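Structure data follow from input-v9.txt (compact mmCIF, C-alpha atoms and all ligand atoms):
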```
# COMPACT_ATOMS: atom_id res chain seq x y z
CA MET Q 172 -25.62 -7.97 16.84
CA LYS Q 173 -28.15 -9.36 14.38
CA ILE Q 174 -27.08 -8.22 10.90
CA SER Q 175 -29.15 -8.50 7.69
CA VAL Q 176 -27.79 -8.37 4.16
CA LEU Q 177 -30.35 -7.43 1.52
CA LYS Q 178 -30.41 -7.97 -2.21
CA GLU Q 179 -29.73 -4.65 -3.93
CA MET Q 180 -32.85 -3.25 -5.60
CA MET Q 181 -31.38 -0.14 -7.28
CA PRO Q 182 -31.52 -0.82 -11.06
CA GLY Q 183 -28.12 -1.93 -12.40
CA GLU Q 184 -26.54 -2.55 -8.99
CA ARG Q 185 -24.71 -5.90 -8.94
CA ARG Q 186 -22.64 -5.54 -5.77
CA VAL Q 187 -23.54 -7.02 -2.40
CA GLY Q 188 -22.98 -5.46 1.03
CA LEU Q 189 -21.24 -8.41 2.70
CA THR Q 190 -19.46 -11.32 1.02
CA PRO Q 191 -19.13 -14.84 2.46
CA GLU Q 192 -15.52 -14.09 3.47
CA THR Q 193 -16.57 -11.25 5.81
CA VAL Q 194 -19.70 -13.09 6.93
CA ALA Q 195 -17.40 -15.86 8.21
CA LYS Q 196 -15.29 -13.33 10.14
CA LEU Q 197 -18.35 -11.59 11.60
CA THR Q 198 -20.00 -14.84 12.69
CA LYS Q 199 -16.73 -15.83 14.36
CA ALA Q 200 -16.94 -12.53 16.24
CA ALA Q 201 -20.36 -13.69 17.56
CA HIS Q 202 -22.60 -11.65 15.22
CA THR Q 203 -25.66 -13.39 13.72
CA ILE Q 204 -26.12 -12.89 10.00
CA THR Q 205 -29.17 -13.34 7.80
CA VAL Q 206 -28.82 -12.97 4.04
CA GLU Q 207 -31.79 -12.43 1.72
CA THR Q 208 -31.86 -15.21 -0.86
CA HIS Q 209 -29.92 -14.43 -4.09
CA ALA Q 210 -28.39 -11.30 -2.48
CA GLY Q 211 -24.87 -12.18 -3.62
CA GLU Q 212 -25.69 -13.93 -6.88
CA SER Q 213 -24.82 -11.10 -9.27
CA ALA Q 214 -21.42 -10.76 -7.54
CA GLY Q 215 -20.77 -14.50 -7.86
CA TYR Q 216 -21.71 -15.51 -4.31
CA SER Q 217 -24.35 -18.22 -3.93
CA ASP Q 218 -26.69 -18.80 -1.02
CA ASP Q 219 -24.71 -21.97 -0.31
CA ALA Q 220 -21.47 -19.98 0.04
CA TYR Q 221 -23.19 -17.77 2.65
CA ARG Q 222 -24.57 -20.83 4.46
CA THR Q 223 -21.09 -22.35 4.60
CA ALA Q 224 -19.82 -19.05 6.03
CA GLY Q 225 -22.34 -19.31 8.85
CA ALA Q 226 -25.25 -17.17 7.64
CA THR Q 227 -28.95 -18.04 7.57
CA ILE Q 228 -30.69 -17.53 4.23
CA ALA Q 229 -34.05 -15.72 4.35
CA ALA Q 230 -36.68 -16.38 1.68
CA ASP Q 231 -37.49 -12.70 1.13
CA VAL Q 232 -36.75 -9.18 2.31
CA THR Q 233 -39.40 -9.22 5.06
CA ALA Q 234 -37.97 -12.43 6.52
CA ALA Q 235 -34.41 -11.08 6.21
CA LEU Q 236 -35.33 -7.98 8.24
CA GLN Q 237 -37.14 -9.82 11.05
CA ASP Q 238 -35.84 -8.43 14.41
CA THR Q 239 -32.69 -7.14 12.75
CA GLN Q 240 -30.43 -4.64 14.52
CA CYS Q 241 -28.32 -3.70 11.50
CA VAL Q 242 -29.07 -3.71 7.78
CA VAL Q 243 -26.14 -3.74 5.37
CA LYS Q 244 -26.68 -2.41 1.87
CA VAL Q 245 -24.67 -0.94 -0.96
CA GLN Q 246 -27.25 1.54 -2.27
CA ARG Q 247 -29.85 3.38 -0.21
CA PRO Q 248 -33.31 1.83 0.37
CA VAL Q 249 -35.67 2.22 -2.60
CA ARG Q 250 -39.29 1.59 -3.50
CA LEU Q 251 -39.83 -2.01 -4.60
CA GLU Q 252 -41.77 -3.11 -7.68
CA ASN Q 253 -44.76 -4.11 -5.51
CA GLY Q 254 -45.03 -0.50 -4.29
CA THR Q 255 -43.59 -1.10 -0.80
CA HIS Q 256 -40.61 1.08 0.17
CA GLU Q 257 -37.71 -0.88 1.70
CA MET Q 258 -37.70 1.80 4.39
CA ASP Q 259 -41.17 0.78 5.59
CA LEU Q 260 -39.88 -2.72 6.31
CA LEU Q 261 -37.07 -1.62 8.64
CA PRO Q 262 -37.62 -2.42 12.31
CA PRO Q 263 -37.56 0.88 14.28
CA GLY Q 264 -34.35 1.30 16.26
CA CYS Q 265 -32.19 -0.62 13.77
CA HIS Q 266 -29.07 0.70 12.00
CA VAL Q 267 -28.81 1.05 8.22
CA VAL Q 268 -25.31 1.02 6.73
CA GLY Q 269 -24.64 1.82 3.06
CA VAL Q 270 -23.66 4.43 0.49
CA LEU Q 271 -26.66 6.61 1.27
CA ARG Q 272 -25.55 9.83 -0.51
CA PRO Q 273 -27.67 12.31 1.47
CA ALA Q 274 -26.81 15.18 -0.88
CA SER Q 275 -28.52 13.53 -3.83
CA ASP Q 276 -31.59 12.40 -1.90
CA PRO Q 277 -32.52 14.53 1.15
CA GLU Q 278 -36.10 13.15 1.33
CA THR Q 279 -34.84 9.63 2.09
CA VAL Q 280 -32.74 11.02 4.95
CA GLY Q 281 -35.93 12.48 6.44
CA MET Q 282 -37.53 9.04 6.08
CA TYR Q 283 -34.86 7.35 8.26
CA ALA Q 284 -35.55 9.80 11.06
CA ALA Q 285 -39.33 9.39 10.67
CA ARG Q 286 -39.02 5.58 10.59
CA GLY Q 287 -37.01 5.72 13.83
CA VAL Q 288 -33.78 4.19 12.54
CA TYR Q 289 -30.10 5.16 12.58
CA ALA Q 290 -28.61 5.77 9.12
CA HIS Q 291 -24.86 5.52 8.49
CA SER Q 292 -23.66 6.90 5.17
CA MET Q 293 -20.33 5.26 4.34
CA ASP Q 294 -19.60 7.79 1.58
CA LEU Q 295 -19.16 10.44 4.29
CA MET Q 296 -16.32 8.57 6.01
CA PRO Q 297 -13.66 11.09 7.09
CA ARG Q 298 -10.26 10.74 5.38
CA ILE Q 299 -8.32 10.07 8.58
CA THR Q 300 -5.82 7.31 9.18
CA ARG Q 301 -8.07 5.60 11.75
CA ALA Q 302 -10.88 5.34 9.18
CA GLN Q 303 -8.79 4.11 6.23
CA ALA Q 304 -10.02 0.52 6.53
CA MET Q 305 -13.63 1.81 6.32
CA ASP Q 306 -13.07 4.14 3.34
CA VAL Q 307 -15.52 2.91 0.69
CA ASN Q 308 -14.88 5.98 -1.48
CA SER Q 309 -11.28 4.89 -1.92
CA SER Q 310 -11.95 1.19 -2.44
CA GLN Q 311 -14.67 1.81 -5.01
CA ALA Q 312 -12.68 4.59 -6.74
CA THR Q 313 -9.84 2.09 -7.14
CA VAL Q 314 -12.21 -0.18 -9.06
CA ALA Q 315 -13.56 2.73 -11.10
CA GLY Q 316 -10.08 3.92 -12.13
CA TYR Q 317 -9.06 0.44 -13.25
CA LYS Q 318 -12.29 -0.32 -15.06
CA ALA Q 319 -12.29 3.06 -16.84
CA VAL Q 320 -8.99 2.17 -18.51
CA MET Q 321 -10.31 -1.29 -19.44
CA LEU Q 322 -13.38 0.31 -21.04
CA ALA Q 323 -11.20 2.76 -22.93
CA ALA Q 324 -8.86 0.00 -24.13
CA SER Q 325 -11.74 -2.05 -25.46
CA SER Q 326 -13.30 0.92 -27.34
CA LEU Q 327 -10.03 2.25 -28.75
CA PRO Q 328 -9.38 1.28 -32.38
CA ARG Q 329 -5.64 1.18 -31.58
CA PHE Q 330 -3.20 -0.70 -29.30
CA PHE Q 331 -2.05 0.57 -25.89
CA PRO Q 332 1.54 -0.81 -25.89
CA LEU Q 333 4.52 -0.25 -28.14
CA LEU Q 334 4.74 -3.21 -30.52
CA MET Q 335 7.69 -4.06 -32.74
CA THR Q 336 6.50 -6.69 -35.18
CA ALA Q 337 7.26 -8.02 -38.62
CA ALA Q 338 4.29 -5.92 -39.73
CA GLY Q 339 6.03 -2.80 -38.50
CA THR Q 340 6.24 -0.76 -35.33
CA ILE Q 341 3.16 0.41 -33.46
CA ARG Q 342 3.64 3.48 -31.31
CA PRO Q 343 2.25 3.28 -27.75
CA ALA Q 344 -1.03 5.02 -26.95
CA THR Q 345 -1.01 8.33 -25.11
CA VAL Q 346 -3.35 8.44 -22.13
CA PHE Q 347 -4.23 11.71 -20.41
CA VAL Q 348 -5.65 11.42 -16.90
CA ILE Q 349 -7.42 14.44 -15.43
CA GLY Q 350 -7.57 14.38 -11.63
CA ALA Q 351 -4.97 12.32 -9.78
CA GLY Q 352 -6.97 11.25 -6.71
CA VAL Q 353 -7.61 7.59 -5.89
CA ALA Q 354 -9.39 6.76 -9.19
CA GLY Q 355 -6.95 8.79 -11.29
CA LEU Q 356 -3.90 7.14 -9.73
CA GLN Q 357 -5.34 3.69 -10.34
CA ALA Q 358 -6.07 4.70 -13.94
CA ILE Q 359 -2.45 5.84 -14.36
CA ALA Q 360 -1.10 2.59 -12.92
CA THR Q 361 -3.40 0.48 -15.10
CA ALA Q 362 -2.65 2.38 -18.31
CA ARG Q 363 1.09 2.13 -17.58
CA ARG Q 364 0.77 -1.63 -17.06
CA LEU Q 365 -0.84 -1.84 -20.50
CA GLY Q 366 2.14 0.00 -21.94
CA ALA Q 367 0.69 3.46 -22.60
CA VAL Q 368 2.55 6.73 -22.18
CA VAL Q 369 0.61 8.51 -19.45
CA TYR Q 370 0.23 12.21 -18.69
CA ALA Q 371 -1.76 13.34 -15.68
CA PHE Q 372 -3.07 16.62 -14.46
CA ASP Q 373 -4.33 17.80 -11.07
CA THR Q 374 -4.69 21.19 -9.43
CA ARG Q 375 -3.22 19.88 -6.16
CA PRO Q 376 0.58 20.23 -6.36
CA ALA Q 377 0.88 17.26 -3.94
CA ALA Q 378 -0.42 15.02 -6.74
CA LYS Q 379 2.83 15.49 -8.75
CA GLU Q 380 4.81 13.14 -6.53
CA HIS Q 381 2.09 10.46 -6.66
CA VAL Q 382 1.85 10.65 -10.46
CA GLU Q 383 5.61 10.44 -10.91
CA SER Q 384 5.88 7.50 -8.51
CA LEU Q 385 3.69 5.59 -11.01
CA ARG Q 386 5.91 6.70 -13.90
CA GLY Q 387 3.31 9.15 -15.22
CA LYS Q 388 4.30 12.60 -16.49
CA PHE Q 389 2.76 15.38 -14.43
CA VAL Q 390 1.24 18.36 -16.23
CA SER Q 391 1.03 21.41 -14.01
CA LEU Q 392 -0.92 24.64 -14.00
CA ASP Q 393 0.42 27.73 -12.28
CA LEU Q 394 -2.39 28.58 -9.87
CA GLY Q 395 -0.79 31.81 -8.66
CA SER Q 396 -2.09 32.60 -5.18
CA HIS Q 397 -5.04 30.16 -5.41
CA GLU Q 398 -4.98 27.59 -2.60
CA ALA Q 399 -5.41 24.25 -4.37
CA GLU Q 400 -6.44 22.18 -1.33
CA ASP Q 401 -8.77 22.55 1.62
CA ALA Q 402 -7.85 21.40 5.13
CA GLY Q 403 -9.05 17.85 4.34
CA GLY Q 404 -6.67 17.50 1.36
CA TYR Q 405 -9.50 17.84 -1.23
CA ALA Q 406 -9.30 20.14 -4.25
CA LYS Q 407 -10.98 23.54 -4.04
CA ALA Q 408 -13.11 24.85 -6.91
CA LEU Q 409 -11.35 27.20 -9.35
CA GLY Q 410 -12.54 30.68 -10.33
CA GLU Q 411 -13.58 31.45 -13.94
CA ASP Q 412 -10.15 32.77 -14.94
CA LEU Q 413 -8.18 29.74 -13.69
CA LEU Q 414 -10.78 27.38 -15.11
CA SER Q 415 -10.41 28.80 -18.60
CA ARG Q 416 -6.59 28.61 -18.32
CA GLU Q 417 -6.93 25.01 -17.26
CA GLN Q 418 -9.29 24.27 -20.16
CA SER Q 419 -6.75 25.58 -22.66
CA ILE Q 420 -3.86 23.57 -21.13
CA ILE Q 421 -6.04 20.45 -21.26
CA ALA Q 422 -7.11 21.19 -24.86
CA LYS Q 423 -3.45 21.38 -25.88
CA HIS Q 424 -2.76 17.90 -24.45
CA LEU Q 425 -5.96 16.40 -25.79
CA LYS Q 426 -4.84 16.93 -29.40
CA ASP Q 427 -2.22 14.19 -28.94
CA ALA Q 428 -4.19 11.90 -26.63
CA ASP Q 429 -5.66 8.56 -27.68
CA VAL Q 430 -7.48 8.14 -24.37
CA VAL Q 431 -8.66 10.57 -21.71
CA ILE Q 432 -9.72 9.36 -18.27
CA ALA Q 433 -11.51 12.23 -16.53
CA THR Q 434 -11.88 11.94 -12.75
CA ALA Q 435 -11.76 15.54 -11.44
CA GLN Q 436 -14.18 16.19 -8.57
CA VAL Q 437 -14.66 18.81 -5.91
CA PRO Q 438 -16.65 17.45 -2.93
CA GLY Q 439 -20.18 18.82 -2.65
CA ARG Q 440 -20.10 20.59 -6.05
CA PRO Q 441 -20.83 19.69 -9.65
CA ALA Q 442 -17.76 18.27 -11.41
CA PRO Q 443 -15.62 21.00 -13.03
CA ARG Q 444 -16.20 21.33 -16.80
CA LEU Q 445 -12.65 20.95 -18.07
CA ILE Q 446 -13.03 19.51 -21.58
CA THR Q 447 -14.84 21.80 -24.02
CA ASP Q 448 -16.68 20.89 -27.22
CA GLU Q 449 -13.89 22.64 -29.13
CA ALA Q 450 -11.21 20.52 -27.42
CA VAL Q 451 -13.06 17.31 -28.35
CA PHE Q 452 -13.38 18.57 -31.95
CA ALA Q 453 -9.58 18.86 -32.13
CA MET Q 454 -8.97 15.28 -30.88
CA LYS Q 455 -7.78 12.46 -33.13
CA TRP Q 456 -10.24 10.19 -34.95
CA GLY Q 457 -11.26 7.24 -32.79
CA SER Q 458 -9.99 8.65 -29.48
CA VAL Q 459 -11.88 7.74 -26.32
CA ILE Q 460 -12.90 9.77 -23.29
CA VAL Q 461 -14.11 7.90 -20.20
CA ASP Q 462 -15.67 10.48 -17.90
CA ILE Q 463 -15.88 8.98 -14.41
CA ALA Q 464 -17.11 12.33 -13.10
CA ALA Q 465 -20.37 11.76 -15.06
CA GLU Q 466 -22.24 11.07 -11.83
CA ASN Q 467 -21.70 14.72 -10.89
CA GLY Q 468 -22.37 16.09 -14.36
CA GLY Q 469 -19.04 15.16 -15.97
CA ASN Q 470 -15.72 16.86 -16.73
CA CYS Q 471 -16.51 16.98 -20.45
CA GLU Q 472 -19.12 19.32 -21.89
CA LEU Q 473 -20.34 16.56 -24.24
CA THR Q 474 -20.70 13.78 -21.66
CA VAL Q 475 -24.17 12.27 -21.39
CA PRO Q 476 -24.35 10.69 -17.90
CA GLY Q 477 -25.12 6.99 -18.13
CA LYS Q 478 -24.52 6.78 -21.90
CA THR Q 479 -21.74 6.29 -24.44
CA VAL Q 480 -21.96 8.74 -27.32
CA VAL Q 481 -19.77 9.53 -30.33
CA ARG Q 482 -19.12 13.22 -30.96
CA HIS Q 483 -16.67 14.60 -33.53
CA ASP Q 484 -15.47 10.97 -34.10
CA VAL Q 485 -14.53 10.65 -30.42
CA THR Q 486 -16.22 8.06 -28.18
CA ILE Q 487 -17.33 9.64 -24.90
CA ALA Q 488 -18.46 7.29 -22.12
CA GLY Q 489 -20.22 8.65 -19.04
CA PRO Q 490 -20.53 5.56 -16.79
CA LEU Q 491 -22.49 6.03 -13.57
CA ASN Q 492 -21.53 2.95 -11.61
CA LEU Q 493 -18.25 1.38 -12.73
CA PRO Q 494 -17.73 -0.59 -9.48
CA SER Q 495 -20.96 -2.47 -10.24
CA GLU Q 496 -19.46 -3.58 -13.56
CA MET Q 497 -16.76 -5.46 -11.63
CA PRO Q 498 -19.09 -6.68 -8.88
CA GLN Q 499 -16.97 -9.40 -7.32
CA HIS Q 500 -13.84 -7.52 -6.36
CA SER Q 501 -15.74 -4.30 -5.65
CA SER Q 502 -18.01 -6.27 -3.27
CA ASP Q 503 -14.98 -7.91 -1.65
CA MET Q 504 -13.41 -4.52 -0.94
CA TYR Q 505 -16.69 -2.88 0.08
CA SER Q 506 -17.52 -5.75 2.39
CA ARG Q 507 -14.14 -5.48 4.19
CA ASN Q 508 -14.76 -1.73 4.63
CA ILE Q 509 -18.20 -2.49 6.09
CA ALA Q 510 -16.83 -5.16 8.46
CA ALA Q 511 -14.34 -2.61 9.80
CA PHE Q 512 -17.18 -0.13 10.32
CA LEU Q 513 -19.39 -2.71 12.07
CA GLN Q 514 -16.52 -3.39 14.46
CA HIS Q 515 -16.47 0.36 15.16
CA LEU Q 516 -20.26 0.54 15.57
CA ALA Q 517 -20.48 -2.45 17.89
CA PRO Q 518 -17.07 -3.05 19.49
CA GLU Q 519 -18.65 -5.08 22.27
CA GLY Q 520 -21.28 -6.82 20.17
CA GLU Q 521 -24.19 -4.40 20.52
CA PRO Q 522 -24.49 -1.26 18.34
CA LYS Q 523 -23.70 2.00 20.13
CA VAL Q 524 -23.67 5.45 18.53
CA ASP Q 525 -21.34 7.96 20.14
CA LEU Q 526 -21.89 11.20 18.24
CA ALA Q 527 -18.83 12.74 19.88
CA ASP Q 528 -16.69 10.23 17.97
CA VAL Q 529 -15.15 11.82 14.87
CA ILE Q 530 -16.19 8.94 12.59
CA MET Q 531 -19.77 8.66 13.86
CA LYS Q 532 -20.20 12.44 13.81
CA ASP Q 533 -19.58 12.48 10.05
CA VAL Q 534 -21.17 9.19 9.04
CA CYS Q 535 -24.37 9.05 11.10
CA ILE Q 536 -26.81 11.16 9.06
CA ALA Q 537 -30.02 10.36 10.96
CA LYS Q 538 -31.18 8.89 14.23
CA PRO Q 539 -34.71 8.12 15.43
CA GLY Q 540 -36.71 11.34 15.12
CA GLU Q 541 -33.83 13.55 13.97
CA VAL Q 542 -31.89 14.29 10.79
CA LEU Q 543 -28.27 14.82 11.87
CA HIS Q 544 -26.71 15.67 8.50
CA GLU Q 545 -26.59 19.45 8.56
CA ALA Q 546 -26.71 20.15 4.81
CA THR Q 547 -29.76 17.87 4.47
CA ARG Q 548 -31.46 19.54 7.43
CA GLU Q 549 -31.03 22.91 5.71
CA ARG Q 550 -32.36 21.58 2.40
CA LEU Q 551 -35.37 19.94 4.02
CA LYS Q 552 -36.09 23.18 5.91
CA VAL Q 553 -36.01 25.18 2.66
CA GLN Q 554 -38.31 22.65 0.99
CA THR Q 555 -40.79 22.75 3.88
CA GLN Q 556 -40.73 26.55 3.90
CA SER Q 557 -41.38 26.86 0.17
CA ALA Q 558 -44.18 24.25 0.35
CA ALA Q 559 -45.80 26.30 3.14
CA GLU Q 560 -45.40 29.52 1.11
CA ASN Q 561 -46.98 27.86 -1.93
CA GLN Q 562 -49.98 26.78 0.17
CA ALA Q 563 -50.42 30.25 1.71
P1 LIG Q 601 -11.86 13.25 -5.58
O1 LIG Q 601 -12.59 12.05 -6.09
O2 LIG Q 601 -12.54 14.20 -4.69
O3 LIG Q 601 -11.30 14.09 -6.85
C1 LIG Q 601 -10.48 13.49 -7.81
C2 LIG Q 601 -9.31 14.36 -8.11
O4 LIG Q 601 -9.74 15.48 -8.89
C3 LIG Q 601 -8.58 14.94 -6.90
O5 LIG Q 601 -7.23 14.54 -6.94
C4 LIG Q 601 -8.72 16.46 -7.10
O6 LIG Q 601 -7.58 17.17 -6.65
C5 LIG Q 601 -8.87 16.54 -8.60
N1 LIG Q 601 -9.44 17.81 -9.10
C6 LIG Q 601 -10.45 18.56 -8.58
N2 LIG Q 601 -10.66 19.66 -9.33
C7 LIG Q 601 -9.78 19.58 -10.37
C8 LIG Q 601 -9.52 20.40 -11.48
N3 LIG Q 601 -10.18 21.53 -11.68
N4 LIG Q 601 -8.54 20.02 -12.33
C9 LIG Q 601 -7.85 18.86 -12.14
N5 LIG Q 601 -8.04 18.05 -11.09
C10 LIG Q 601 -9.00 18.41 -10.22
O7 LIG Q 601 -10.47 12.82 -4.95
P2 LIG Q 601 -10.13 11.60 -3.99
O8 LIG Q 601 -9.69 10.45 -4.79
O9 LIG Q 601 -11.25 11.40 -3.05
O10 LIG Q 601 -8.87 12.20 -3.21
C11 LIG Q 601 -8.94 13.49 -2.62
C12 LIG Q 601 -7.85 13.67 -1.59
O11 LIG Q 601 -8.04 12.79 -0.49
C13 LIG Q 601 -6.46 13.37 -2.12
O12 LIG Q 601 -5.58 14.29 -1.53
C14 LIG Q 601 -6.17 11.99 -1.61
O13 LIG Q 601 -4.78 11.73 -1.49
C15 LIG Q 601 -6.83 12.09 -0.25
N6 LIG Q 601 -7.17 10.78 0.31
C16 LIG Q 601 -6.89 10.56 1.64
C17 LIG Q 601 -7.23 9.34 2.21
C18 LIG Q 601 -6.93 9.09 3.65
O14 LIG Q 601 -6.23 9.85 4.28
N7 LIG Q 601 -7.49 8.06 4.22
C19 LIG Q 601 -7.87 8.36 1.46
C20 LIG Q 601 -8.16 8.63 0.12
C21 LIG Q 601 -7.81 9.85 -0.44
```
Go ahead and express the file in the form of structure tokens.
Ligand code: NAD
Amino acid sequence: MKISVLKEMMPGERRVGLTPETVAKLTKAAHTITVETHAGESAGYSDDAYRTAGATIAADVTAALQDTQCVVKVQRPVRLENGTHEMDLLPPGCHVVGVLRPASDPETVGMYAARGVYAHSMDLMPRITRAQAMDVNSSQATVAGYKAVMLAASSLPRFFPLLMTAAGTIRPATVFVIGAGVAGLQAIATARRLGAVVYAFDTRPAAKEHVESLRGKFVSLDLGSHEAEDAGGYAKALGEDLLSREQSIIAKHLKDADVVIATAQVPGRPAPRLITDEAVFAMKWGSVIVDIAAENGGNCELTVPGKTVVRHDVTIAGPLNLPSEMPQHSSDMYSRNIAAFLQHLAPEGEPKVDLADVIMKDVCIAKPGEVLHEATRERLKVQTQSAAENQA
């Protein structure tokens, strides 16, 4: 299969879809790889490193896409500065692989179908054992959880570890992690390694064991008859009553926290608002909240997505793309996930989409002439209907 790796054009994106390490493995498996010049530079990978790994370097995006069968990206195609949309450069019939996030951009999904390409959205990878090696949500959440703690540590006007020095004893920091999924667990492990005392909270009772295995202290909420998890193991949204109980439990813990890492998410919904203005007001001077859920609105009422603000003497960071801030290792992990997916897409060398396959059924959001992602199809239908009504 002829695979192209493009330079990321989404502002602020520093990762690259394939690294030289995976390029070498894919070329050994008889794939042909073309990399757009400078594609890996912001992740620390030079054109020379790709050449050594067996890739050809293309002078620009048009040359990189010549006759390609598969385009690997991190972010979805965007409009370039010269006005051309990356989508318009894709050869019809090719496959696009990336974090395409159909829910946040239904129009682009329609464009894949209209352009006559297959679109594979890695963020929709099912959480099944067979797909673990392709799970970009987990690999990138691991980076986000780690980096969130690093950000907090560098903004905090206090130490993380217990220190016993000639200048006296410094008590360890208290870190409160909300949401103990992949990012939350990595945040717990990282904060523990730095010597903090860590408390963690999740609505899924199964999270208790994971938190305790990392030597965190689990804070629980009695959910009564509420089912915490859906069939896929994801958290379910809480009703108003449970949400306000949860907010008051969290507020109680926040009073003693130096750092809060907020990661709570419910797939397909805005992030639950768990930290109120009042709870932030009661926090200690100089405390730090890193709200990883900012991309979906944030867990804290005062989070400004994409910004760091100070409210009531508390620093509140709402980063939107933490993996991009650690571009080398996040690209390494992403690239290995992609290589595993490419092996699934083209086990005998040529790409083949079997929509009866449980992975392809979830990941393939568009094929030539047809949007396959059901939620997007519904949204596009509603948009078309209301446009027609407005015209009438
Ligand atoms: P996520 O990013 O969807 O959410 C982060 C965490 O927030 C989750 O632990 C969730 O329970 C929690 N949360 C949601 N609402 C909350 C609330 N109101 N209060 C507190 N916490 C709340 O989670 P994720 O990292 O994608 O993990 C979700 C599930 O998938 C977990 O059970 C995880 O173990 C599982 N998982 C399975 C696989 C696999 O089988 N391959 C891979 C990764 C994760």
Write out as a ChimeraX atom specification the residues lying within 7 Å of Met296 (chain Q), counting only C-alpha atoms and excluding same-chain residues fewer than 5 positions away. /Q:306,530,533-534
Minimum-distance residue to ligand LIG 601 (chain Q), chosen among Q:Ala360, Q:Ala337, Q:Ala510, Q:Leu392 (using all atoms listed in the file):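 Result for the nearest residue to ligand LIG 601 (chain Q): Q:Leu392.
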Separation of CA of Val451 (chain Q) and CA of Val485 (chain Q), in Å?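 Spanning CA of Val451 (chain Q) to CA of Val485 (chain Q) is a straight-line distance of 7.1 Å.
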Residue neighbourhood Phe347 (chain Q), 8 Å, all atoms listed in the file, exclusion window fewer than 2 positions, as a list in words: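 Everything that qualifies: Thr345, Ile349, Val369, Tyr370, Ala371, Phe372, His424, Leu425, Ala428, Val430, Val431 and Ile432 of chain Q.
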For ligand LIG 601 (chain Q), I'd like the enclosing box, axis-aligned and padded by 5 Å on every side, reported as AutoDock Vina command-line options with centre and edge lengths in Å to one decimal.
```
--center_x -8.7 --center_y 14.8 --center_z -4.0 --size_x 17.8 --size_y 23.5 --size_z 26.6
```
Residue nearest ligand LIG 601 (chain Q) among Q:Pro441, Q:Pro262, Q:Gly183, Q:Gly215 (counting only C-alpha atoms and all ligand atoms): Q:Pro441
Could you pull the residues within 9 Å of region 501-505 of chain Q, counting all atoms listed in the file, minus those fewer than 6 positions along the same chain, as a PyMOL selection string? chain Q and resi 185-190+192-193+214+245+305-307+310-311+313-314+494-495
Mind completing region 244-253 of chain Q with N, CA, C and O atoms? Output as a compact mmCIF listing (two decimals), in the frame of the given file, please?
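Full text of result.txt as output:
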```
# COMPACT_ATOMS: atom_id res chain seq x y z
N LYS Q 244 -26.32 -2.58 3.28
CA LYS Q 244 -26.68 -2.41 1.87
C LYS Q 244 -25.51 -1.76 1.14
O LYS Q 244 -24.58 -1.28 1.77
N VAL Q 245 -25.60 -1.76 -0.19
CA VAL Q 245 -24.67 -0.94 -0.96
C VAL Q 245 -25.38 0.39 -1.23
O VAL Q 245 -24.96 1.44 -0.76
N GLN Q 246 -26.49 0.33 -1.94
CA GLN Q 246 -27.25 1.54 -2.27
C GLN Q 246 -28.33 1.80 -1.23
O GLN Q 246 -28.73 0.89 -0.50
N ARG Q 247 -28.83 3.03 -1.20
CA ARG Q 247 -29.85 3.38 -0.21
C ARG Q 247 -31.16 2.62 -0.47
O ARG Q 247 -31.41 2.15 -1.59
N PRO Q 248 -32.03 2.52 0.55
CA PRO Q 248 -33.31 1.83 0.37
C PRO Q 248 -34.14 2.51 -0.72
O PRO Q 248 -34.13 3.73 -0.84
N VAL Q 249 -34.85 1.69 -1.50
CA VAL Q 249 -35.67 2.22 -2.60
C VAL Q 249 -37.07 1.62 -2.56
O VAL Q 249 -37.32 0.68 -1.80
N ARG Q 250 -37.94 2.16 -3.41
CA ARG Q 250 -39.29 1.59 -3.50
C ARG Q 250 -39.22 0.32 -4.35
O ARG Q 250 -38.60 0.30 -5.40
N LEU Q 251 -39.86 -0.74 -3.88
CA LEU Q 251 -39.83 -2.01 -4.60
C LEU Q 251 -40.92 -2.04 -5.67
O LEU Q 251 -41.83 -1.20 -5.65
N GLU Q 252 -40.80 -3.02 -6.57
CA GLU Q 252 -41.77 -3.11 -7.68
C GLU Q 252 -43.21 -3.25 -7.18
O GLU Q 252 -44.14 -2.77 -7.80
N ASN Q 253 -43.39 -3.92 -6.02
CA ASN Q 253 -44.76 -4.11 -5.51
C ASN Q 253 -45.29 -2.86 -4.80
O ASN Q 253 -46.35 -2.89 -4.18
```
